[in-house]
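File shown: coords-v6.txt (compact mmCIF, C-alpha atoms).
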```
# COMPACT_ATOMS: atom_id res chain seq x y z
CA MET A 228 12.99 9.47 -2.63
CA ARG A 229 10.17 10.93 -0.57
CA ARG A 230 10.92 14.35 -2.01
CA LEU A 231 11.26 12.86 -5.50
CA CYS A 232 7.74 11.47 -5.30
CA TYR A 233 6.14 14.79 -4.49
CA VAL A 234 8.47 17.08 -6.39
CA LEU A 235 8.11 15.13 -9.62
CA SER A 236 4.36 14.91 -9.30
CA ILE A 237 3.81 18.54 -8.41
CA ALA A 238 6.37 19.81 -10.92
CA ALA A 239 4.64 17.87 -13.67
CA LEU A 240 1.26 19.25 -12.65
CA LEU A 241 2.48 22.83 -12.60
CA ALA A 242 4.41 22.50 -15.84
CA LEU A 243 1.40 21.11 -17.66
CA GLN A 244 -1.33 23.14 -16.05
CA GLY A 245 -1.87 25.19 -19.17
CA CYS A 246 -1.27 22.37 -21.65
CA GLY A 247 -4.50 20.43 -21.32
CA VAL A 248 -2.97 17.43 -19.59
CA LEU A 249 -4.70 18.14 -16.28
CA GLY A 250 -8.08 18.06 -17.95
CA GLN A 251 -7.83 14.33 -18.52
CA SER A 252 -10.82 12.90 -20.32
CA ALA A 253 -12.19 9.45 -19.58
CA SER A 254 -10.39 8.14 -22.66
CA ASP A 255 -7.06 9.54 -21.39
CA CYS A 256 -7.53 7.50 -18.21
CA ALA A 257 -8.51 4.32 -20.04
CA SER A 258 -7.18 0.85 -19.30
CA SER A 259 -6.45 -2.33 -21.22
CA ALA A 260 -7.03 -4.36 -18.04
CA ALA A 261 -10.66 -5.27 -17.37
CA ASN A 262 -10.43 -4.74 -13.60
CA ALA A 263 -8.38 -1.54 -13.64
CA SER A 264 -9.88 1.91 -14.13
CA TYR A 265 -6.59 3.27 -15.49
CA ALA A 266 -3.39 1.83 -16.89
CA GLY A 267 -0.65 4.26 -17.80
CA PRO A 268 1.65 3.36 -20.66
CA TYR A 269 4.71 1.27 -19.84
CA ARG A 270 7.95 3.23 -20.40
CA GLY A 271 10.45 1.02 -18.62
CA ALA A 272 12.65 2.58 -15.95
CA GLU A 273 11.46 5.62 -14.01
CA ASN A 274 14.00 7.91 -15.67
CA ASN A 275 12.46 7.13 -19.06
CA LEU A 276 9.25 8.90 -18.10
CA SER A 277 8.21 12.29 -19.41
CA ALA A 278 6.47 15.09 -17.53
CA GLN A 279 3.30 14.14 -19.39
CA ASP A 280 3.51 10.57 -18.07
CA LEU A 281 3.84 11.81 -14.50
CA ALA A 282 1.02 14.32 -14.84
CA ARG A 283 -1.29 11.72 -16.43
CA ASP A 284 -0.69 9.34 -13.53
CA VAL A 285 -1.48 12.04 -10.96
CA ALA A 286 -4.54 13.41 -12.75
CA CYS A 287 -6.06 9.98 -13.37
CA ALA A 288 -5.43 8.91 -9.78
CA TYR A 289 -7.20 11.96 -8.39
CA ARG A 290 -10.06 11.48 -10.85
CA PHE A 291 -10.41 7.86 -9.75
CA LYS A 292 -10.56 8.69 -6.04
CA ALA A 293 -12.85 11.70 -6.43
CA GLU A 294 -15.36 9.89 -8.62
CA LYS A 295 -15.40 6.47 -6.93
CA TYR A 296 -13.93 6.50 -3.42
CA PRO A 297 -13.83 10.08 -2.12
CA ARG A 298 -13.31 9.11 1.55
CA GLY A 299 -10.06 7.29 0.75
CA PHE A 300 -8.81 3.83 1.65
CA VAL A 301 -7.49 1.63 4.40
CA VAL A 302 -4.12 0.84 2.83
CA ILE A 303 -2.26 -2.37 3.64
CA TYR A 304 1.49 -2.55 3.04
CA GLY A 305 3.71 -5.59 3.46
CA SER A 306 6.08 -8.17 2.04
CA SER A 307 5.54 -9.72 -1.37
CA ARG A 308 7.42 -12.80 -0.11
CA ILE A 309 5.40 -13.81 2.95
CA GLY A 310 2.72 -15.97 1.43
CA GLU A 311 -0.01 -18.29 2.63
CA ASN A 312 2.26 -21.32 2.97
CA ASN A 313 5.83 -20.30 3.74
CA THR A 314 8.43 -22.97 3.03
CA THR A 315 11.64 -21.13 2.13
CA GLN A 316 12.56 -19.92 5.63
CA ALA A 317 14.95 -22.30 7.42
CA ASP A 318 13.55 -21.70 10.90
CA PRO A 319 10.22 -23.54 11.48
CA ALA A 320 9.20 -20.88 14.01
CA VAL A 321 9.64 -18.17 11.36
CA ARG A 322 7.60 -20.17 8.85
CA ALA A 323 4.80 -20.60 11.37
CA ALA A 324 4.86 -16.91 12.34
CA ASN A 325 4.76 -15.84 8.69
CA ASN A 326 1.85 -18.18 7.97
CA GLN A 327 -0.02 -16.73 10.94
CA LEU A 328 0.73 -13.18 9.81
CA TYR A 329 -0.68 -13.85 6.34
CA GLN A 330 -3.91 -15.19 7.82
CA GLY A 331 -4.14 -12.30 10.27
CA VAL A 332 -3.89 -9.72 7.47
CA ARG A 333 -6.42 -11.68 5.41
CA GLN A 334 -8.91 -11.84 8.28
CA PHE A 335 -8.51 -8.17 9.15
CA ALA A 336 -9.20 -7.19 5.52
CA SER A 337 -12.21 -9.50 5.40
CA ARG A 338 -13.76 -8.28 8.66
CA TRP A 339 -13.10 -4.63 7.83
CA THR A 340 -14.64 -4.99 4.39
CA ARG A 341 -17.82 -6.59 5.74
CA LEU A 342 -18.31 -3.70 8.13
CA TYR A 343 -16.88 -0.65 6.40
CA GLY A 344 -15.69 -1.58 2.90
CA GLY A 345 -18.41 0.52 1.32
CA LYS A 346 -17.03 3.66 2.99
CA TYR A 347 -13.31 2.93 3.26
CA PRO A 348 -12.28 0.10 0.95
CA ILE A 349 -9.17 -1.96 1.49
CA MET A 350 -6.32 -1.01 -0.83
CA THR A 351 -3.07 -2.89 -1.40
CA GLY A 352 -0.20 -2.67 -3.85
CA ALA A 353 -1.96 -5.44 -5.79
CA GLY A 354 1.01 -7.79 -5.51
CA PRO A 355 1.71 -11.20 -3.98
CA GLY A 356 2.48 -12.10 -0.37
CA LEU A 357 0.90 -9.97 2.34
CA MET A 358 -0.59 -7.70 -0.32
CA GLU A 359 -2.37 -10.77 -1.65
CA ALA A 360 -3.63 -11.54 1.86
CA GLY A 361 -5.27 -8.10 2.07
CA SER A 362 -6.71 -8.23 -1.44
CA ARG A 363 -7.96 -11.75 -0.93
CA GLY A 364 -9.63 -10.94 2.39
CA ALA A 365 -11.46 -7.97 0.90
CA THR A 366 -12.59 -10.03 -2.08
CA GLU A 367 -13.80 -12.92 0.08
CA ALA A 368 -15.92 -10.43 2.02
CA GLY A 369 -17.57 -9.19 -1.16
CA GLY A 370 -15.20 -6.36 -2.01
CA PRO A 371 -14.36 -3.81 -3.20
CA SER A 372 -10.68 -4.70 -3.30
CA ILE A 373 -8.57 -1.85 -4.66
CA GLY A 374 -5.05 -2.07 -6.07
CA TYR A 375 -2.55 0.68 -6.85
CA THR A 376 0.40 -0.84 -8.69
CA THR A 377 2.84 -0.39 -11.55
CA TYR A 378 4.67 -2.71 -13.94
CA TYR A 379 6.36 -5.36 -11.81
CA GLY A 380 7.16 -9.01 -12.51
CA PRO A 381 5.08 -10.65 -15.27
CA SER A 382 3.50 -7.39 -16.48
CA ARG A 383 6.95 -5.81 -16.86
CA ASP A 384 8.57 -8.93 -18.31
CA LYS A 385 5.86 -9.17 -20.97
CA GLY A 386 6.66 -5.69 -22.24
CA GLY A 387 4.15 -3.80 -20.09
CA ASP A 388 1.04 -6.01 -20.26
CA ALA A 389 -1.41 -4.29 -17.91
CA ARG A 390 -3.61 -7.40 -17.87
CA LEU A 391 -0.92 -9.12 -15.77
CA ALA A 392 -0.35 -6.28 -13.30
CA PHE A 393 -2.84 -7.29 -10.59
CA GLN A 394 -2.13 -10.33 -8.45
CA GLN A 395 -4.44 -13.33 -8.83
CA TYR A 396 -5.01 -16.11 -6.32
CA LYS A 397 -4.60 -19.75 -7.31
CA ASP A 398 -7.16 -21.91 -5.52
CA LYS A 399 -6.82 -25.58 -4.53
CA ASP A 400 -7.97 -26.64 -8.00
CA GLY A 401 -5.23 -24.58 -9.63
CA LYS A 402 -7.67 -21.99 -10.98
CA LEU A 403 -6.55 -18.35 -11.00
CA ASN A 404 -9.07 -15.95 -9.46
CA ASP A 405 -9.10 -12.16 -9.54
CA ILE A 406 -8.66 -10.68 -6.06
CA VAL A 407 -8.44 -7.01 -7.09
CA SER A 408 -11.74 -5.60 -8.29
CA ASP A 409 -10.60 -2.11 -9.32
CA GLY A 410 -7.63 0.18 -9.19
CA LEU A 411 -4.82 1.89 -11.04
CA ILE A 412 -1.70 0.80 -12.90
CA PHE A 413 0.78 3.67 -12.89
CA SER A 414 3.55 4.39 -15.35
CA SER A 415 5.57 5.84 -12.46
CA VAL A 416 6.44 3.93 -9.29
CA ALA A 417 7.19 7.25 -7.56
CA VAL A 418 3.72 8.62 -8.31
CA ARG A 419 2.19 5.29 -7.34
CA GLU A 420 3.85 5.43 -3.92
CA SER A 421 2.80 9.05 -3.39
CA MET A 422 -0.82 8.39 -4.35
CA MET A 423 -1.09 5.36 -2.07
CA ILE A 424 -0.12 7.56 0.87
CA ALA A 425 -2.06 10.66 -0.17
CA HIS A 426 -5.25 8.65 -0.71
CA SER A 427 -5.08 6.78 2.60
CA ALA A 428 -7.61 7.22 5.39
CA ALA A 429 -5.65 4.75 7.53
CA ILE A 430 -2.48 2.70 7.04
CA VAL A 431 -1.68 -0.85 8.15
CA ILE A 432 1.96 -1.86 7.67
CA ALA A 433 2.94 -5.51 7.89
CA PRO A 434 6.59 -6.63 7.86
CA GLY A 435 8.43 -6.49 4.56
CA GLY A 436 11.73 -6.00 2.80
CA SER A 437 13.49 -2.97 1.37
CA GLY A 438 10.40 -1.86 -0.58
CA THR A 439 8.25 -1.83 2.55
CA GLU A 440 11.03 -0.07 4.49
CA TRP A 441 11.10 2.64 1.81
CA GLU A 442 7.34 3.04 2.19
CA ILE A 443 7.51 3.15 6.00
CA PHE A 444 10.02 5.98 6.08
CA GLN A 445 8.27 7.87 3.29
CA ILE A 446 4.98 7.67 5.23
CA LEU A 447 6.46 8.63 8.59
CA GLU A 448 8.60 11.49 7.28
CA SER A 449 5.75 12.93 5.21
CA MET A 450 3.53 13.08 8.28
CA LYS A 451 6.28 14.06 10.74
CA SER A 452 7.18 17.05 8.59
CA GLN A 453 3.49 17.93 8.13
CA GLN A 454 3.60 17.50 4.37
CA LEU A 455 0.51 15.31 4.75
CA ASN A 456 -2.30 15.32 7.28
CA PRO A 457 -1.83 12.50 9.79
CA VAL A 458 -3.89 9.32 9.57
CA PRO A 459 -3.92 6.29 11.89
CA ILE A 460 -0.88 4.06 11.30
CA PHE A 461 -0.46 0.53 12.66
CA LEU A 462 2.66 -1.64 12.46
CA VAL A 463 1.43 -5.22 12.76
CA GLY A 464 3.17 -8.43 13.74
CA ASN A 465 5.19 -9.54 16.76
CA LYS A 466 7.36 -6.57 17.77
CA GLU A 467 10.34 -8.62 18.88
CA ARG A 468 10.43 -10.77 15.75
CA TYR A 469 9.53 -8.27 13.05
CA TRP A 470 10.16 -4.76 14.33
CA ARG A 471 13.19 -4.97 16.64
CA SER A 472 15.67 -3.81 13.98
CA PHE A 473 13.37 -0.97 12.91
CA GLU A 474 13.08 0.27 16.48
CA GLN A 475 16.84 -0.06 16.93
CA ARG A 476 17.46 2.02 13.81
CA LEU A 477 15.23 4.78 15.17
CA ARG A 478 17.11 4.69 18.48
CA GLU A 479 20.45 4.92 16.68
CA MET A 480 19.30 8.00 14.77
CA ALA A 481 18.01 9.55 17.98
CA ALA A 482 21.32 8.78 19.74
CA VAL A 483 23.35 10.72 17.17
CA GLY A 484 20.86 13.58 17.09
CA THR A 485 19.41 13.13 13.60
CA LEU A 486 15.90 12.31 14.85
CA ARG A 487 13.68 13.04 17.84
CA MET A 488 12.28 9.66 18.82
CA ASN A 489 8.81 10.77 19.86
CA GLU A 490 8.28 12.73 16.64
CA VAL A 491 8.22 9.39 14.86
CA THR A 492 6.96 6.90 17.44
CA ASP A 493 3.95 9.08 18.29
CA LEU A 494 2.73 8.59 14.73
CA PHE A 495 2.09 4.84 14.90
CA VAL A 496 1.00 1.98 17.14
CA TYR A 497 2.43 -1.55 17.29
CA VAL A 498 -0.25 -4.25 17.11
CA GLU A 499 0.80 -7.88 17.33
CA ASN A 500 -2.34 -9.43 15.83
CA PRO A 501 -3.56 -7.69 12.65
CA GLU A 502 -7.15 -8.61 13.49
CA ASP A 503 -6.95 -6.38 16.58
CA VAL A 504 -6.51 -3.35 14.33
CA LEU A 505 -10.21 -3.40 13.48
CA GLU A 506 -11.47 -2.35 16.91
CA MET A 507 -8.67 0.18 17.34
CA LEU A 508 -9.38 1.72 13.96
CA GLN A 509 -13.10 1.84 14.71
CA ARG A 510 -12.36 4.05 17.70
CA LYS A 511 -9.82 6.26 15.93
CA MET A 512 -12.20 6.85 13.00
CA SER A 513 -15.29 7.16 15.27
CA LEU A 514 -17.04 4.32 13.48
CA ASN A 515 -18.37 2.38 16.46
```

Representation of the structure as structure tokens:
Amino acid sequence: MRRLCYVLSIAALLALQGCGVLGQSASDCASSAANASYAGPYRGAENNLSAQDLARDVACAYRFKAEKYPRGFVVIYGSSRIGENNTTQADPAVRAANNQLYQGVRQFASRWTRLYGGKYPIMTGAGPGLMEAGSRGATEAGGPSIGYTTYYGPSRDKGGDARLAFQQYKDKDGKLNDIVSDGLIFSSVAVRESMMIAHSAAIVIAPGGSGTEWEIFQILESMKSQQLNPVPIFLVGNKERYWRSFEQRLREMAAVGTLRMNEVTDLFVYVENPEDVLEMLQRKMSLN
């Protein structure tokens, strides 16, 4: 899938280089969602997309970054199912740990935004769970709060309604509040994933499911194989609870000779408390 992301994007760009698609005008990159700078048309499954759809997504994403946020973003990845108040997990200790993780991501995003959001805004996948925590923290600190997403959940189920693509936060009075101030809604999930990585100045990865695992390995392999310049990467949350199986998988691959352990582990740092990432990232980015 990593190769699919880049091959499709680059192939579309090259194929359409002489066809005017790369010279996207502002109207080509328009959006029907008030807080999104671009919303690509909804085509359904990824294999319904045309080369033009892929090229439009790429061109509008690069336009967006170049014109608004040229330094890139601090990108937060994580589960869509670890929310503010976790009740579905059977183990009370897991519920408590997940609640704490949500608040840690929220506070990191808030503190980072107050200090450096004008240079390196927080970006998430604009979804629920730990993505919501990051978006909400950035918004509470005065923003910007950037989202790169595609047509999931309500926006997909309503036939591709871009106005429903960005997560909102329901307050104690039941009112829905926008927590993403700007961003992009891609036709292609593959291009979306590639642009999130390519536009990152730093990456914070919280625990997640199969989607987050896909993103982790795409990020690490892209940087291990020098297809992208390295950026600081932090895996946050208690290592024993959240990252033991990930580390074991790496060791298993190393044991059978399909991976050199240090080529991967040298690319990231485990950080138990997400709030501690701020000081570490300050040093790595020479901001303090």

Separation of atom CA of Tyr469 of chain A from atom CA of Ala481 of chain A in Å: 20.3 Å

Using only C-alpha atoms: which of A:Ser415, A:Ser264, A:Asn312, A:Thr376 has the shortest distance to Arg283 of chain A: A:Ser415

3 Å per side around segment 254-264 of chain A: axis-aligned box centre and edge lengths, as AutoDock Vina command-line options:
```
--center_x -8.6 --center_y 2.1 --center_z -18.1 --size_x 10.2 --size_y 20.8 --size_z 15.1
```

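The shortest atom-to-atom distance to Glu440 of chain A, with all atoms listed in the file taken into account, belongs to A:Ser306 out of A:Ser306, A:Gln395, A:Ser372, A:Ser452.
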
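Distance-wise, atom CA of Ala278 of chain A and atom CA of Ala353 of chain A end up 25.1 Å apart.
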
Within 10 Å of segment 359-363 of chain A using all atoms listed in the file, minus same-chain residues under 3 positions, as a PyMOL selection string: chain A and resi 302-307+309-311+328-337+349-356+366-374+393-396+404-408

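Using all atoms listed in the file, the shortest contact distance between Thr377 of chain A and any of A:Ala323, A:Ile424, A:Val483, A:Ala392 is found at A:Ala392.
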
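One finds atom CA of Pro459 of chain A at 9.4 Å from atom CA of Ser427 of chain A.
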
Exercise: segment 384-390 of chain A partners within 12 Å, only C-alpha atoms, chain neighbours under 4 positions left out, as a ChimeraX atom specification: /A:257-272,376-380,394-395,405,407,410-414

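Among the candidate residues A:Arg468, A:Lys451, A:Arg487, A:Arg478, the one lying nearest to Pro434 of chain A is A:Arg468, with distances computed using all atoms listed in the file.
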
Contact residues around segment 475-477 of chain A with all atoms listed in the file at 10 Å, ignoring same-chain residues under 4 positions, as an NGL selection string: :A and (470-471 or 481-482 or 485-489 or 491-492)

How would the residues just chosen look if you wrote them out with C-alpha atoms as an mmCIF file, in the coordinates of the input?
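So out_13.cif came out as:
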```cif
data_model
loop_
_atom_site.group_PDB
_atom_site.id
_atom_site.type_symbol
_atom_site.label_atom_id
_atom_site.label_comp_id
_atom_site.auth_asym_id
_atom_site.auth_seq_id
_atom_site.Cartn_x
_atom_site.Cartn_y
_atom_site.Cartn_z
ATOM 1 C CA TRP A 470 10.160 -4.760 14.330
ATOM 2 C CA ARG A 471 13.190 -4.970 16.640
ATOM 3 C CA ALA A 481 18.010 9.550 17.980
ATOM 4 C CA ALA A 482 21.320 8.780 19.740
ATOM 5 C CA THR A 485 19.410 13.130 13.600
ATOM 6 C CA LEU A 486 15.900 12.310 14.850
ATOM 7 C CA ARG A 487 13.680 13.040 17.840
ATOM 8 C CA MET A 488 12.280 9.660 18.820
ATOM 9 C CA ASN A 489 8.810 10.770 19.860
ATOM 10 C CA VAL A 491 8.220 9.390 14.860
ATOM 11 C CA THR A 492 6.960 6.900 17.440
#
```
